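Novice: Okay, handing you the structure first.
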Amino acid sequence: MEEWRYALKKNLNKQENFNGYEKWKEAANTFIYLKKIYPNRVYIQKYSDMLKYPYEESKKLFTFCGLGYTDSTVDFLKKSANFDNADAYAVFRSKQSDNKWKTELHLEIVEQILTDLRDGHLEEYAEQDK
């Protein structure tokens with residue numbers, strides 16, 4: 001039951017492997033820290049916001065990076081929203097909820113994650129779809 005938390009079998013005790021819930025938290029905390037000390041160089045994009053508002057969120061990201069938000073960018077976003085590909089590595093995929101983990105994991109694991117995230121600076125990642 002602890003494999004989900006530490007992914008010891010998948011990580012194979014290699015420091016460079018970053019699987020499991022605890023490694024996700026470590027990465028998230030690192031990005032939040034980097035955003036705090038380098039606010040003009042690090043941009044954190046919430047996947048849920050990108051799913052809900054792809055045009056607005058893409059424009060924010062492009063602006064942050066100093067890139068032009070062109071008509072071809074908008075066309076690409078429109079195409080990607082109307083194309084479905086089941087391949088996990090495909091650019092064009094169906095819009096999916098980022099809360100899928102809450103229905104596919106065992107309830108006990110979901111409760112442990114939500115309890116762990118509650119009242120911390122990672123709590124926003126446990127929010128339900130609104």
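So you can find residues: chains in the structure tokens are A, B, ... in the order shown, residues in each start at 1, and ligands are numbered from 1 in order.
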Listing only residues of segment 2-55 of chain A within 12 Å of segment 67-81 of chain A, what is the closest atom pair and its distance in Å (to one decimal) for each, using only C-alpha atoms, sorted by chain and residue number ascending, as JSON lines?
Specialist:
```
{"residue": "A:Met50", "atom": "CA", "partner": "A:Leu77", "partner_atom": "CA", "distance": 11.0}
{"residue": "A:Leu51", "atom": "CA", "partner": "A:Ala81", "partner_atom": "CA", "distance": 9.7}
{"residue": "A:Lys52", "atom": "CA", "partner": "A:Ala81", "partner_atom": "CA", "distance": 11.4}
{"residue": "A:Tyr53", "atom": "CA", "partner": "A:Leu77", "partner_atom": "CA", "distance": 10.9}
{"residue": "A:Pro54", "atom": "CA", "partner": "A:Leu77", "partner_atom": "CA", "distance": 7.4}
{"residue": "A:Tyr55", "atom": "CA", "partner": "A:Val74", "partner_atom": "CA", "distance": 7.1}
```
Novice: Enumerate the residues of chain A with a DSSP assignment of alpha helix (DSSP H), computed from the backbone, and present them as a ChimeraX atom specification.
Specialist: /A:3-6,8-11,21-37,47-52,54-65,71-81,101-104,107-117
Novice: The selected residues should be written to file as a compact mmCIF listing (two decimals), in the first residue's frame (atoms: C-alpha atoms).
Specialist:
```txt
# COMPACT_ATOMS: atom_id res chain seq x y z
CA GLU A 3 4.11 2.05 -3.19
CA TRP A 4 1.90 5.00 -4.17
CA ARG A 5 3.62 7.18 -1.59
CA TYR A 6 7.29 6.41 -2.23
CA LEU A 8 10.33 2.42 -4.21
CA LYS A 9 9.96 -0.31 -6.83
CA LYS A 10 9.69 2.21 -9.64
CA ASN A 11 12.43 4.54 -8.35
CA TYR A 21 3.52 11.09 -4.12
CA GLU A 22 6.40 12.16 -1.87
CA LYS A 23 8.56 12.94 -4.92
CA TRP A 24 5.66 14.96 -6.39
CA LYS A 25 5.52 16.97 -3.16
CA GLU A 26 9.28 17.46 -3.23
CA ALA A 27 9.12 18.75 -6.80
CA ALA A 28 6.11 21.00 -6.08
CA ASN A 29 7.83 22.47 -3.01
CA THR A 30 10.98 23.07 -5.05
CA PHE A 31 9.05 24.93 -7.76
CA ILE A 32 7.20 27.04 -5.17
CA TYR A 33 10.50 27.91 -3.51
CA LEU A 34 12.10 28.82 -6.85
CA LYS A 35 9.08 31.00 -7.73
CA LYS A 36 9.48 32.79 -4.40
CA ILE A 37 13.17 33.61 -4.88
CA TYR A 47 -3.13 22.32 -15.13
CA SER A 48 -6.72 22.82 -13.97
CA ASP A 49 -6.58 26.49 -15.01
CA MET A 50 -5.13 25.54 -18.40
CA LEU A 51 -7.97 23.05 -18.91
CA LYS A 52 -10.66 25.58 -17.96
CA PRO A 54 -6.74 27.49 -22.35
CA TYR A 55 -6.62 30.78 -24.29
CA GLU A 56 -6.30 33.07 -21.28
CA GLU A 57 -3.77 30.87 -19.51
CA SER A 58 -1.69 30.38 -22.65
CA LYS A 59 -1.62 34.13 -23.17
CA LYS A 60 -0.43 34.66 -19.57
CA LEU A 61 2.33 32.11 -20.07
CA PHE A 62 3.44 33.60 -23.39
CA THR A 63 3.45 37.10 -21.87
CA PHE A 64 5.51 35.93 -18.89
CA CYS A 65 8.05 34.38 -21.28
CA ASP A 71 -3.01 34.01 -34.44
CA SER A 72 -1.12 30.79 -35.18
CA THR A 73 -0.99 30.11 -31.43
CA VAL A 74 -4.75 30.59 -31.16
CA ASP A 75 -5.26 28.34 -34.21
CA PHE A 76 -3.09 25.65 -32.62
CA LEU A 77 -5.12 25.82 -29.40
CA LYS A 78 -8.37 25.56 -31.35
CA LYS A 79 -7.09 22.52 -33.26
CA SER A 80 -5.87 20.82 -30.10
CA ALA A 81 -9.24 21.35 -28.40
CA TRP A 101 -6.83 10.60 -9.44
CA LYS A 102 -9.54 11.22 -6.84
CA THR A 103 -11.85 8.69 -8.47
CA GLU A 104 -9.28 6.14 -9.65
CA LEU A 107 -10.42 5.96 -1.18
CA GLU A 108 -7.93 5.45 1.66
CA ILE A 109 -5.10 6.84 -0.50
CA VAL A 110 -7.19 9.82 -1.60
CA GLU A 111 -8.05 10.59 2.04
CA GLN A 112 -4.38 10.36 3.06
CA ILE A 113 -3.37 12.75 0.27
CA LEU A 114 -6.13 15.26 1.04
CA THR A 115 -5.33 15.15 4.76
CA ASP A 116 -1.63 15.63 4.05
CA LEU A 117 -2.24 18.60 1.75
```
